[in-house]
file coords32.pdb (PDB, C-alpha atoms, pLDDT in the B column)
ATOM      1  CA  MET I   1     133.542 -61.927 -34.845  1.00 62.00           C
ATOM      2  CA  LYS I   2     135.019 -58.458 -35.301  1.00 66.00           C
ATOM      3  CA  ASP I   3     138.570 -59.866 -35.280  1.00 70.00           C
ATOM      4  CA  ILE I   4     137.617 -62.338 -37.991  1.00 76.00           C
ATOM      5  CA  ILE I   5     136.193 -59.551 -40.159  1.00 76.00           C
ATOM      6  CA  VAL I   6     139.222 -57.326 -39.563  1.00 74.00           C
ATOM      7  CA  ASN I   7     141.684 -60.079 -40.494  1.00 77.00           C
ATOM      8  CA  TRP I   8     139.662 -61.025 -43.566  1.00 78.00           C
ATOM      9  CA  ALA I   9     139.543 -57.410 -44.786  1.00 81.00           C
ATOM     10  CA  ASN I  10     143.253 -56.924 -44.037  1.00 77.00           C
ATOM     11  CA  ASP I  11     144.079 -59.975 -46.163  1.00 79.00           C
ATOM     12  CA  TRP I  12     142.204 -58.445 -49.087  1.00 80.00           C
ATOM     13  CA  GLY I  13     143.918 -55.116 -48.444  1.00 81.00           C
ATOM     14  CA  ARG I  14     147.332 -56.747 -48.593  1.00 80.00           C
ATOM     15  CA  SER I  15     146.459 -58.406 -51.898  1.00 81.00           C
ATOM     16  CA  VAL I  16     145.925 -55.161 -53.815  1.00 82.00           C
ATOM     17  CA  ASP I  17     148.183 -52.290 -54.776  1.00 75.00           C
ATOM     18  CA  ILE I  18     147.766 -49.097 -52.720  1.00 69.00           C
ATOM     19  CA  TYR I  19     149.983 -46.044 -53.145  1.00 64.00           C
ATOM     20  CA  GLY I  20     152.239 -48.015 -55.471  1.00 66.00           C
ATOM     21  CA  ILE I  21     153.392 -50.447 -52.761  1.00 59.00           C
ATOM     22  CA  LYS I  22     152.135 -53.766 -51.487  1.00 60.00           C
ATOM     23  CA  THR I  23     150.380 -53.446 -48.159  1.00 60.00           C
ATOM     24  CA  LYS I  24     152.068 -56.671 -47.038  1.00 56.00           C
ATOM     25  CA  GLU I  25     155.000 -54.382 -46.251  1.00 56.00           C
ATOM     26  CA  ILE I  26     152.929 -52.134 -44.004  1.00 55.00           C
ATOM     27  CA  ASP I  27     152.351 -52.839 -40.332  1.00 53.00           C
ATOM     28  CA  THR I  28     148.674 -53.149 -39.509  1.00 51.00           C
ATOM     29  CA  GLY I  29     147.822 -50.192 -37.330  1.00 53.00           C
ATOM     30  CA  GLN I  30     145.436 -47.373 -36.704  1.00 62.00           C
ATOM     31  CA  GLN I  31     144.985 -44.385 -39.019  1.00 68.00           C
ATOM     32  CA  ASP I  32     146.880 -45.710 -42.021  1.00 81.00           C
ATOM     33  CA  ASP I  33     146.051 -46.712 -45.575  1.00 85.00           C
ATOM     34  CA  LEU I  34     145.261 -50.312 -44.616  1.00 86.00           C
ATOM     35  CA  ASP I  35     142.858 -49.131 -41.905  1.00 86.00           C
ATOM     36  CA  ALA I  36     141.128 -46.874 -44.433  1.00 89.00           C
ATOM     37  CA  PHE I  37     140.926 -49.723 -46.943  1.00 91.00           C
ATOM     38  CA  ARG I  38     139.496 -52.066 -44.323  1.00 89.00           C
ATOM     39  CA  HIS I  39     136.605 -49.774 -43.403  1.00 89.00           C
ATOM     40  CA  ALA I  40     135.736 -48.886 -46.993  1.00 92.00           C
ATOM     41  CA  PHE I  41     136.072 -52.476 -48.214  1.00 92.00           C
ATOM     42  CA  CYS I  42     133.821 -53.979 -45.522  1.00 89.00           C
ATOM     43  CA  HIS I  43     131.037 -51.518 -46.268  1.00 89.00           C
ATOM     44  CA  ALA I  44     131.354 -51.903 -50.028  1.00 91.00           C
ATOM     45  CA  VAL I  45     131.045 -55.685 -49.601  1.00 90.00           C
ATOM     46  CA  LEU I  46     128.053 -55.282 -47.285  1.00 86.00           C
ATOM     47  CA  VAL I  47     126.220 -53.009 -49.721  1.00 86.00           C
ATOM     48  CA  SER I  48     127.018 -55.334 -52.632  1.00 88.00           C
ATOM     49  CA  MET I  49     125.785 -58.439 -50.807  1.00 86.00           C
ATOM     50  CA  VAL I  50     122.557 -56.768 -49.734  1.00 83.00           C
ATOM     51  CA  ASN I  51     122.015 -55.589 -53.315  1.00 83.00           C
ATOM     52  CA  LEU I  52     122.561 -59.138 -54.583  1.00 83.00           C
ATOM     53  CA  ALA I  53     120.051 -60.502 -52.077  1.00 79.00           C
ATOM     54  CA  ASP I  54     117.375 -58.212 -53.543  1.00 66.00           C
ATOM     55  CA  PRO I  55     116.342 -56.663 -50.189  1.00 54.00           C
ATOM     56  CA  ASP I  56     113.055 -55.306 -51.558  1.00 54.00           C
ATOM     57  CA  SER I  57     111.715 -58.865 -51.613  1.00 45.00           C
ATOM     58  CA  LEU I  58     113.344 -59.805 -48.298  1.00 43.00           C
ATOM     59  CA  ILE I  59     112.169 -56.732 -46.402  1.00 44.00           C
ATOM     60  CA  PRO I  60     108.796 -55.872 -48.013  1.00 43.00           C
ATOM     61  CA  TRP I  61     107.659 -53.669 -45.100  1.00 40.00           C
ATOM     62  CA  MET I  62     110.395 -51.093 -45.759  1.00 41.00           C
ATOM     63  CA  PRO I  63     109.523 -48.111 -47.978  1.00 43.00           C
ATOM     64  CA  GLN I  64     110.302 -48.884 -51.604  1.00 44.00           C
ATOM     65  CA  GLN I  65     112.248 -45.624 -52.005  1.00 44.00           C
ATOM     66  CA  THR I  66     114.636 -46.568 -49.179  1.00 50.00           C
ATOM     67  CA  ASP I  67     118.109 -47.705 -50.170  1.00 60.00           C
ATOM     68  CA  ASN I  68     118.183 -50.814 -47.998  1.00 59.00           C
ATOM     69  CA  ALA I  69     121.815 -51.635 -48.781  1.00 58.00           C
ATOM     70  CA  GLN I  70     123.121 -48.267 -47.684  1.00 60.00           C
ATOM     71  CA  MET I  71     120.815 -48.239 -44.659  1.00 66.00           C
ATOM     72  CA  ALA I  72     122.243 -51.603 -43.548  1.00 62.00           C
ATOM     73  CA  SER I  73     125.757 -50.229 -44.022  1.00 59.00           C
ATOM     74  CA  GLU I  74     124.989 -47.136 -41.963  1.00 61.00           C
ATOM     75  CA  VAL I  75     123.421 -49.090 -39.110  1.00 61.00           C
ATOM     76  CA  ILE I  76     126.247 -51.625 -38.889  1.00 60.00           C
ATOM     77  CA  GLY I  77     128.849 -48.890 -39.251  1.00 59.00           C
ATOM     78  CA  PHE I  78     127.274 -46.918 -36.411  1.00 58.00           C
ATOM     79  CA  LEU I  79     127.147 -49.966 -34.141  1.00 56.00           C
ATOM     80  CA  MET I  80     130.787 -50.825 -34.832  1.00 55.00           C
ATOM     81  CA  GLU I  81     131.886 -47.355 -33.711  1.00 54.00           C
ATOM     82  CA  LEU I  82     130.073 -47.470 -30.362  1.00 51.00           C
ATOM     83  CA  GLU I  83     132.169 -47.418 -27.214  1.00 47.00           C
ATOM     84  CA  GLY I  84     132.920 -50.939 -26.052  1.00 45.00           C
ATOM     85  CA  ILE I  85     132.491 -52.328 -29.556  1.00 45.00           C
ATOM     86  CA  GLY I  86     134.598 -50.119 -31.756  1.00 47.00           C
ATOM     87  CA  GLY I  87     137.533 -49.746 -29.366  1.00 47.00           C
ATOM     88  CA  VAL I  88     139.742 -46.786 -30.256  1.00 47.00           C
ATOM     89  CA  SER I  89     137.284 -45.791 -32.980  1.00 52.00           C
ATOM     90  CA  ALA I  90     134.886 -44.682 -30.256  1.00 53.00           C
ATOM     91  CA  GLN I  91     137.191 -41.689 -29.714  1.00 72.00           C
ATOM     92  CA  PRO I  92     135.892 -38.644 -31.642  1.00 78.00           C
ATOM     93  CA  CYS I  93     138.767 -38.164 -34.105  1.00 82.00           C
ATOM     94  CA  PRO I  94     139.322 -41.806 -35.179  1.00 83.00           C
ATOM     95  CA  LYS I  95     135.543 -42.217 -35.264  1.00 82.00           C
ATOM     96  CA  PHE I  96     135.171 -39.309 -37.706  1.00 85.00           C
ATOM     97  CA  MET I  97     137.836 -40.871 -39.925  1.00 87.00           C
ATOM     98  CA  ASP I  98     136.269 -44.327 -39.824  1.00 87.00           C
ATOM     99  CA  LEU I  99     132.748 -43.079 -40.567  1.00 86.00           C
ATOM    100  CA  HIS I 100     134.092 -41.073 -43.516  1.00 90.00           C
ATOM    101  CA  ASN I 101     135.768 -44.189 -44.911  1.00 91.00           C
ATOM    102  CA  ASN I 102     132.622 -46.231 -44.277  1.00 88.00           C
ATOM    103  CA  ASP I 103     130.730 -43.758 -46.475  1.00 88.00           C
ATOM    104  CA  ILE I 104     133.327 -44.031 -49.236  1.00 92.00           C
ATOM    105  CA  GLY I 105     132.912 -47.790 -49.189  1.00 91.00           C
ATOM    106  CA  LYS I 106     129.141 -47.919 -49.173  1.00 87.00           C
ATOM    107  CA  ASN I 107     129.030 -45.561 -52.162  1.00 89.00           C
ATOM    108  CA  LEU I 108     131.389 -47.863 -54.097  1.00 91.00           C
ATOM    109  CA  GLY I 109     129.366 -51.018 -53.530  1.00 89.00           C
ATOM    110  CA  LEU I 110     128.345 -53.050 -56.576  1.00 90.00           C
ATOM    111  CA  SER I 111     124.801 -53.018 -57.876  1.00 88.00           C
ATOM    112  CA  ARG I 112     122.787 -56.227 -58.211  1.00 87.00           C
ATOM    113  CA  ARG I 113     123.347 -56.185 -61.988  1.00 89.00           C
ATOM    114  CA  GLU I 114     127.114 -55.727 -61.554  1.00 92.00           C
ATOM    115  CA  MET I 115     127.286 -58.549 -59.018  1.00 91.00           C
ATOM    116  CA  MET I 116     125.335 -60.969 -61.225  1.00 92.00           C
ATOM    117  CA  TRP I 117     127.410 -60.093 -64.284  1.00 94.00           C
ATOM    118  CA  ILE I 118     130.725 -60.576 -62.447  1.00 94.00           C
ATOM    119  CA  ILE I 119     129.589 -63.940 -61.016  1.00 93.00           C
ATOM    120  CA  ALA I 120     128.265 -65.062 -64.424  1.00 93.00           C
ATOM    121  CA  ARG I 121     131.617 -64.464 -66.105  1.00 93.00           C
ATOM    122  CA  GLY I 122     133.364 -66.505 -63.396  1.00 93.00           C
ATOM    123  CA  ASP I 123     135.168 -63.669 -61.617  1.00 93.00           C
ATOM    124  CA  ASN I 124     135.310 -63.017 -57.885  1.00 92.00           C
ATOM    125  CA  PRO I 125     133.230 -59.964 -56.872  1.00 93.00           C
ATOM    126  CA  LEU I 126     135.467 -59.473 -53.817  1.00 93.00           C
ATOM    127  CA  GLN I 127     138.483 -58.953 -56.081  1.00 93.00           C
ATOM    128  CA  VAL I 128     136.579 -56.353 -58.087  1.00 93.00           C
ATOM    129  CA  ILE I 129     135.494 -54.581 -54.899  1.00 94.00           C
ATOM    130  CA  ALA I 130     139.024 -54.711 -53.466  1.00 93.00           C
ATOM    131  CA  GLU I 131     140.467 -53.149 -56.619  1.00 93.00           C
ATOM    132  CA  ARG I 132     137.770 -50.481 -56.623  1.00 94.00           C
ATOM    133  CA  ILE I 133     138.493 -49.562 -52.997  1.00 94.00           C
ATOM    134  CA  ALA I 134     142.258 -49.631 -53.587  1.00 92.00           C
ATOM    135  CA  GLN I 135     141.793 -47.069 -56.338  1.00 92.00           C
ATOM    136  CA  ALA I 136     139.771 -44.893 -53.969  1.00 93.00           C
ATOM    137  CA  VAL I 137     142.570 -45.052 -51.395  1.00 91.00           C
ATOM    138  CA  LYS I 138     145.160 -44.280 -54.052  1.00 89.00           C
ATOM    139  CA  ALA I 139     143.065 -41.302 -55.226  1.00 89.00           C
ATOM    140  CA  GLU I 140     142.974 -40.078 -51.589  1.00 88.00           C
ATOM    141  CA  LYS I 141     139.195 -40.259 -51.374  1.00 91.00           C
ATOM    142  CA  THR I 142     139.618 -41.994 -48.019  1.00 92.00           C
ATOM    143  CA  ILE I 143     141.140 -40.357 -44.937  1.00 90.00           C
ATOM    144  CA  ASN I 144     144.263 -42.217 -43.872  1.00 86.00           C
ATOM    145  CA  ARG I 145     145.723 -40.015 -41.135  1.00 83.00           C
ATOM    146  CA  LEU I 146     144.547 -37.716 -38.364  1.00 80.00           C
ATOM    147  CA  ASP I 147     146.324 -34.678 -39.805  1.00 79.00           C
ATOM    148  CA  ASP I 148     144.343 -34.837 -43.055  1.00 83.00           C
ATOM    149  CA  PRO I 149     142.912 -31.338 -43.786  1.00 75.00           C
ATOM    150  CA  ARG I 150     139.431 -32.877 -44.121  1.00 83.00           C
ATOM    151  CA  MET I 151     139.458 -33.817 -40.451  1.00 83.00           C
ATOM    152  CA  PRO I 152     137.708 -31.499 -37.945  1.00 78.00           C
ATOM    153  CA  ILE I 153     139.983 -28.601 -37.055  1.00 69.00           C
ATOM    154  CA  GLU I 154     140.524 -29.818 -33.493  1.00 72.00           C
ATOM    155  CA  CYS I 155     141.598 -33.258 -34.727  1.00 79.00           C
ATOM    156  CA  PHE I 156     143.800 -31.877 -37.480  1.00 72.00           C
ATOM    157  CA  ALA I 157     145.430 -29.428 -35.074  1.00 69.00           C
ATOM    158  CA  LYS I 158     146.082 -32.001 -32.359  1.00 72.00           C
ATOM    159  CA  ALA I 159     147.692 -34.339 -34.863  1.00 74.00           C
ATOM    160  CA  ARG I 160     149.919 -31.590 -36.215  1.00 71.00           C
ATOM    161  CA  ILE I 161     150.625 -30.025 -32.820  1.00 74.00           C
ATOM    162  CA  PRO I 162     151.149 -32.884 -30.347  1.00 69.00           C
ATOM    163  CA  ALA I 163     152.544 -30.576 -27.624  1.00 70.00           C
ATOM    164  CA  GLY I 164     149.396 -28.436 -27.736  1.00 79.00           C
ATOM    165  CA  GLU I 165     151.058 -25.010 -27.984  1.00 85.00           C
ATOM    166  CA  TYR I 166     151.142 -23.085 -31.249  1.00 87.00           C
ATOM    167  CA  ILE I 167     151.962 -19.639 -32.611  1.00 89.00           C
ATOM    168  CA  TRP I 168     149.117 -17.862 -34.409  1.00 93.00           C
ATOM    169  CA  ARG I 169     150.196 -16.988 -37.939  1.00 90.00           C
ATOM    170  CA  THR I 170     148.326 -14.903 -40.521  1.00 91.00           C
ATOM    171  CA  GLN I 171     148.735 -14.231 -44.230  1.00 90.00           C
ATOM    172  CA  GLY I 172     149.879 -10.704 -43.350  1.00 90.00           C
ATOM    173  CA  ASP I 173     147.680  -8.852 -45.843  1.00 91.00           C
ATOM    174  CA  ASP I 174     144.734  -6.466 -45.634  1.00 90.00           C
ATOM    175  CA  LYS I 175     142.213  -9.332 -45.797  1.00 91.00           C
ATOM    176  CA  VAL I 176     143.143 -10.598 -42.323  1.00 93.00           C
ATOM    177  CA  ARG I 177     140.456  -9.959 -39.699  1.00 93.00           C
ATOM    178  CA  PHE I 178     141.445  -7.373 -37.103  1.00 94.00           C
ATOM    179  CA  ASN I 179     140.921  -9.767 -34.177  1.00 94.00           C
ATOM    180  CA  HIS I 180     143.147 -12.293 -35.968  1.00 96.00           C
ATOM    181  CA  ALA I 181     145.810  -9.745 -36.897  1.00 94.00           C
ATOM    182  CA  ILE I 182     146.331  -8.812 -33.256  1.00 95.00           C
ATOM    183  CA  ARG I 183     146.893 -12.495 -32.423  1.00 95.00           C
ATOM    184  CA  ALA I 184     149.716 -12.856 -34.944  1.00 94.00           C
ATOM    185  CA  GLY I 185     152.874 -14.104 -33.270  1.00 93.00           C
ATOM    186  CA  LYS I 186     151.184 -14.897 -29.970  1.00 93.00           C
ATOM    187  CA  VAL I 187     151.223 -18.335 -28.390  1.00 92.00           C
ATOM    188  CA  PHE I 188     147.984 -20.236 -27.734  1.00 91.00           C
ATOM    189  CA  HIS I 189     147.109 -23.740 -26.550  1.00 88.00           C
ATOM    190  CA  LEU I 190     144.740 -26.203 -28.197  1.00 82.00           C
ATOM    191  CA  ASP I 191     142.992 -26.858 -24.888  1.00 82.00           C
ATOM    192  CA  LYS I 192     141.970 -23.200 -24.562  1.00 86.00           C
ATOM    193  CA  ALA I 193     140.647 -21.716 -27.792  1.00 85.00           C
ATOM    194  CA  PRO I 194     140.459 -17.894 -28.116  1.00 89.00           C
ATOM    195  CA  ASP I 195     137.162 -16.209 -29.027  1.00 89.00           C
ATOM    196  CA  GLY I 196     136.079 -17.513 -32.413  1.00 88.00           C
ATOM    197  CA  GLY I 197     138.209 -20.642 -32.175  1.00 87.00           C
ATOM    198  CA  HIS I 198     141.626 -21.729 -33.352  1.00 86.00           C
ATOM    199  CA  PRO I 199     143.166 -20.676 -36.709  1.00 84.00           C
ATOM    200  CA  GLY I 200     141.068 -21.856 -39.630  1.00 80.00           C
ATOM    201  CA  THR I 201     137.914 -22.345 -37.570  1.00 81.00           C
ATOM    202  CA  GLU I 202     135.987 -19.241 -38.649  1.00 85.00           C
ATOM    203  CA  HIS I 203     134.550 -19.060 -42.175  1.00 83.00           C
ATOM    204  CA  ASN I 204     137.184 -18.223 -44.798  1.00 84.00           C
ATOM    205  CA  CYS I 205     139.910 -17.860 -42.175  1.00 87.00           C
ATOM    206  CA  ARG I 206     143.341 -18.335 -43.796  1.00 87.00           C
ATOM    207  CA  CYS I 207     145.340 -18.221 -40.580  1.00 87.00           C
ATOM    208  CA  TRP I 208     147.365 -21.222 -39.525  1.00 82.00           C
ATOM    209  CA  ALA I 209     148.933 -22.644 -36.406  1.00 82.00           C
ATOM    210  CA  GLU I 210     152.695 -23.026 -36.197  1.00 83.00           C
ATOM    211  CA  PRO I 211     153.639 -25.688 -33.626  1.00 81.00           C
ATOM    212  CA  VAL I 212     155.821 -24.569 -30.758  1.00 80.00           C
ATOM    213  CA  VAL I 213     158.880 -26.767 -30.828  1.00 69.00           C
ATOM    214  CA  LYS I 214     160.269 -27.384 -27.368  1.00 64.00           C
ATOM    215  CA  ILE I 215     163.939 -28.245 -27.338  1.00 56.00           C
ATOM    216  CA  LYS I 216     164.905 -30.843 -24.784  1.00 55.00           C
ATOM    217  CA  LYS I 217     167.847 -29.767 -22.617  1.00 51.00           C
TER     218      LYS I 217
END

call {"tool": "encode", "arguments": {"input": "coords32.pdb", "output": "structure tokens"}}
result
Amino acid sequence: MKDIIVNWANDWGRSVDIYGIKTKEIDTGQQDDLDAFRHAFCHAVLVSMVNLADPDSLIPWMPQQTDNAQMASEVIGFLMELEGIGGVSAQPCPKFMDLHNNDIGKNLGLSRREMMWIIARGDNPLQVIAERIAQAVKAEKTINRLDDPRMPIECFAKARIPAGEYIWRTQGDDKVRFNHAIRAGKVFHLDKAPDGGHPGTEHNCRCWAEPVVKIKK
């Protein structure tokens, strides 16, 4: 069932313009713009369909103030990311990315009025949703790669520093914390964070990690 959904969403992703290129030219993979589209699109469709079904009449025992469409999206999204179901997404970093993109999608779902109006004029709601999600991807509201600055620092750092070792760099001014200034130029490893964490972890820290490039002999 999951493969069917993935292929269906990929087909819609390839039919719309993202980043100025057709996604038909992009290999389907993990952590790319098509992956981001797929997650956001599926949840936008789910929210839209639940809105169209008028869930307040279908699920009368739920509190009236509850957003049933978004709740359904959250529950299904959570289940799809569980280990054994979500595959690679069960890993912390891809999971964070996928859940972020799920949220983008569910917040772009169509309301019941929008769905009924689109159907009444003879248009396909899925095309409208696909175009809406494509615009979100193009506007970089989704996360399409592990080294996106919005990712948790440990994920961002690992993506940028695959070898693990980095040189602590500071801005070199009088605003740098003393315990950060004394680390400037020293080599650290992502698997062993110094007190306070890696560069950028502490509040308002402007330090950054420069990857150690190992030259193969």

call {"tool": "atom_distance", "arguments": {"input": "coords32.pdb", "atom1": "CA of Val45 (chain I)", "atom2": "CA of Gly122 (chain I)"}}
result
17.7 Å

call {"tool": "residues_around", "arguments": {"input": "coords32.pdb", "residues": "Cys93 (chain I)", "least_positions_apart": "2", "cutoff": "10 Å", "atoms": "all atoms listed in the file", "output": "list in words"}}
result
Val88, Ser89, Ala90, Gln91, Lys95, Phe96, Met97, Asp98, Leu146, Met151, Pro152, Glu154, Cys155, Phe156, Lys158 and Ala159 of chain I

call {"tool": "residues_around", "arguments": {"input": "coords32.pdb", "residues": "Pro125 (chain I)", "least_positions_apart": "4", "cutoff": "10 Å", "atoms": "only C-alpha atoms", "output": "PyMOL selection string"}}
result
chain I and resi 45+48-49+110+114-119+129-131

call {"tool": "write_last_selection", "arguments": {"input": "coords32.pdb", "atoms": "C-alpha atoms", "output": "compact mmCIF listing (two decimals), in the coordinates of the input"}}
result
# COMPACT_ATOMS: atom_id res chain seq x y z
CA VAL I 45 131.04 -55.68 -49.60
CA SER I 48 127.02 -55.33 -52.63
CA MET I 49 125.78 -58.44 -50.81
CA LEU I 110 128.34 -53.05 -56.58
CA GLU I 114 127.11 -55.73 -61.55
CA MET I 115 127.29 -58.55 -59.02
CA MET I 116 125.34 -60.97 -61.22
CA TRP I 117 127.41 -60.09 -64.28
CA ILE I 118 130.72 -60.58 -62.45
CA ILE I 119 129.59 -63.94 -61.02
CA ILE I 129 135.49 -54.58 -54.90
CA ALA I 130 139.02 -54.71 -53.47
CA GLU I 131 140.47 -53.15 -56.62

call {"tool": "residues_around", "arguments": {"input": "coords32.pdb", "residues": "Lys106 (chain I)", "least_positions_apart": "4", "cutoff": "6 Å", "atoms": "only C-alpha atoms", "output": "PDB file with C-alpha atoms, in the coordinates of the input"}}
result
ATOM      1  CA  HIS I  43     131.037 -51.518 -46.268  1.00 89.00           C
ATOM      2  CA  ALA I  44     131.354 -51.903 -50.028  1.00 91.00           C
ATOM      3  CA  VAL I  47     126.220 -53.009 -49.721  1.00 86.00           C
TER       4      VAL I  47
END

call {"tool": "closest_residue", "arguments": {"input": "coords32.pdb", "among": "I:Asn101, I:Asn7, I:Ser15, I:Thr170", "to": "Phe41 (chain I)", "atoms": "all atoms listed in the file"}}
result
I:Asn101

call {"tool": "closest_residue", "arguments": {"input": "coords32.pdb", "among": "I:Asp103, I:Ala36, I:Lys141, I:Glu210", "to": "His189 (chain I)", "atoms": "all atoms listed in the file"}}
result
I:Glu210

call {"tool": "residues_near_point", "arguments": {"input": "coords32.pdb", "point": "(140.2, -44.2, -49.5)", "cutoff": "8 Å", "atoms": "all atoms listed in the file", "output": "number ranges by chain"}}
result
I: 33, 36-37, 40, 101, 104, 133-144

call {"tool": "closest_residue", "arguments": {"input": "coords32.pdb", "among": "I:Gly109, I:Ala163, I:His39, I:Arg206", "to": "Trp12 (chain I)", "atoms": "all atoms listed in the file"}}
result
I:His39

call {"tool": "closest_residue", "arguments": {"input": "coords32.pdb", "among": "I:Arg177, I:Lys186, I:Arg14, I:Arg150", "to": "His203 (chain I)", "atoms": "all atoms listed in the file"}}
result
I:Arg177

call {"tool": "atom_distance", "arguments": {"input": "coords32.pdb", "atom1": "CA of Val212 (chain I)", "atom2": "CA of Asp174 (chain I)"}}
result
25.9 Å

call {"tool": "residues_near_point", "arguments": {"input": "coords32.pdb", "point": "(144.8, -21.3, -42.5)", "cutoff": "10 Å", "atoms": "all atoms listed in the file", "output": "mmCIF file with C-alpha atoms, keeping the file's coordinate frame"}}
result
data_model
loop_
_atom_site.group_PDB
_atom_site.id
_atom_site.type_symbol
_atom_site.label_atom_id
_atom_site.label_comp_id
_atom_site.auth_asym_id
_atom_site.auth_seq_id
_atom_site.Cartn_x
_atom_site.Cartn_y
_atom_site.Cartn_z
ATOM 1 C CA TRP I 168 149.117 -17.862 -34.409
ATOM 2 C CA ARG I 169 150.196 -16.988 -37.939
ATOM 3 C CA THR I 170 148.326 -14.903 -40.521
ATOM 4 C CA GLN I 171 148.735 -14.231 -44.230
ATOM 5 C CA HIS I 198 141.626 -21.729 -33.352
ATOM 6 C CA PRO I 199 143.166 -20.676 -36.709
ATOM 7 C CA GLY I 200 141.068 -21.856 -39.630
ATOM 8 C CA THR I 201 137.914 -22.345 -37.570
ATOM 9 C CA GLU I 202 135.987 -19.241 -38.649
ATOM 10 C CA ASN I 204 137.184 -18.223 -44.798
ATOM 11 C CA CYS I 205 139.910 -17.860 -42.175
ATOM 12 C CA ARG I 206 143.341 -18.335 -43.796
ATOM 13 C CA CYS I 207 145.340 -18.221 -40.580
ATOM 14 C CA TRP I 208 147.365 -21.222 -39.525
ATOM 15 C CA ALA I 209 148.933 -22.644 -36.406
#

call {"tool": "atom_distance", "arguments": {"input": "coords32.pdb", "atom1": "CA of Leu34 (chain I)", "atom2": "CA of Arg112 (chain I)"}}
result
26.9 Å

call {"tool": "closest_residue", "arguments": {"input": "coords32.pdb", "among": "I:Asp11, I:Asp123, I:Asp148, I:Asp35", "to": "Asn102 (chain I)", "atoms": "all atoms listed in the file"}}
result
I:Asp35

call {"tool": "closest_residue", "arguments": {"input": "coords32.pdb", "among": "I:Cys42, I:Asp173, I:Tyr166, I:Leu108", "to": "Ile4 (chain I)", "atoms": "all atoms listed in the file"}}
result
I:Cys42

call {"tool": "build_atoms", "arguments": {"input": "coords32.pdb", "residues": "region 101-105 of chain I", "atoms": "all heavy atoms", "output": "PDB file, keeping the file's coordinate frame"}}
result
ATOM      1  N   ASN I 101     135.347 -43.087 -44.052  1.00 91.00           N
ATOM      2  CA  ASN I 101     135.768 -44.189 -44.911  1.00 91.00           C
ATOM      3  C   ASN I 101     134.657 -45.211 -45.118  1.00 91.00           C
ATOM      4  O   ASN I 101     134.561 -45.834 -46.180  1.00 91.00           O
ATOM      5  CB  ASN I 101     137.017 -44.850 -44.323  1.00 91.00           C
ATOM      6  CG  ASN I 101     138.209 -43.905 -44.346  1.00 91.00           C
ATOM      7  OD1 ASN I 101     138.284 -43.004 -45.175  1.00 91.00           O
ATOM      8  ND2 ASN I 101     139.139 -44.103 -43.424  1.00 91.00           N
ATOM      9  N   ASN I 102     133.799 -45.379 -44.102  1.00 88.00           N
ATOM     10  CA  ASN I 102     132.622 -46.231 -44.277  1.00 88.00           C
ATOM     11  C   ASN I 102     131.749 -45.698 -45.417  1.00 88.00           C
ATOM     12  O   ASN I 102     131.246 -46.465 -46.243  1.00 88.00           O
ATOM     13  CB  ASN I 102     131.791 -46.267 -42.988  1.00 88.00           C
ATOM     14  CG  ASN I 102     132.486 -47.006 -41.854  1.00 88.00           C
ATOM     15  OD1 ASN I 102     133.507 -47.658 -42.057  1.00 88.00           O
ATOM     16  ND2 ASN I 102     131.935 -46.891 -40.654  1.00 88.00           N
ATOM     17  N   ASP I 103     131.556 -44.377 -45.437  1.00 88.00           N
ATOM     18  CA  ASP I 103     130.730 -43.758 -46.475  1.00 88.00           C
ATOM     19  C   ASP I 103     131.339 -43.947 -47.858  1.00 88.00           C
ATOM     20  O   ASP I 103     130.620 -44.195 -48.839  1.00 88.00           O
ATOM     21  CB  ASP I 103     130.550 -42.266 -46.198  1.00 88.00           C
ATOM     22  CG  ASP I 103     129.545 -41.988 -45.092  1.00 88.00           C
ATOM     23  OD1 ASP I 103     128.722 -42.885 -44.809  1.00 88.00           O
ATOM     24  OD2 ASP I 103     129.570 -40.887 -44.521  1.00 88.00           O
ATOM     25  N   ILE I 104     132.661 -43.806 -47.948  1.00 92.00           N
ATOM     26  CA  ILE I 104     133.327 -44.031 -49.236  1.00 92.00           C
ATOM     27  C   ILE I 104     133.034 -45.444 -49.723  1.00 92.00           C
ATOM     28  O   ILE I 104     132.702 -45.662 -50.891  1.00 92.00           O
ATOM     29  CB  ILE I 104     134.849 -43.823 -49.103  1.00 92.00           C
ATOM     30  CG1 ILE I 104     135.183 -42.361 -48.760  1.00 92.00           C
ATOM     31  CG2 ILE I 104     135.552 -44.255 -50.396  1.00 92.00           C
ATOM     32  CD1 ILE I 104     134.805 -41.373 -49.824  1.00 92.00           C
ATOM     33  N   GLY I 105     133.140 -46.403 -48.820  1.00 91.00           N
ATOM     34  CA  GLY I 105     132.912 -47.790 -49.189  1.00 91.00           C
ATOM     35  C   GLY I 105     131.488 -48.074 -49.626  1.00 91.00           C
ATOM     36  O   GLY I 105     131.257 -48.712 -50.656  1.00 91.00           O
TER      37      GLY I 105
END
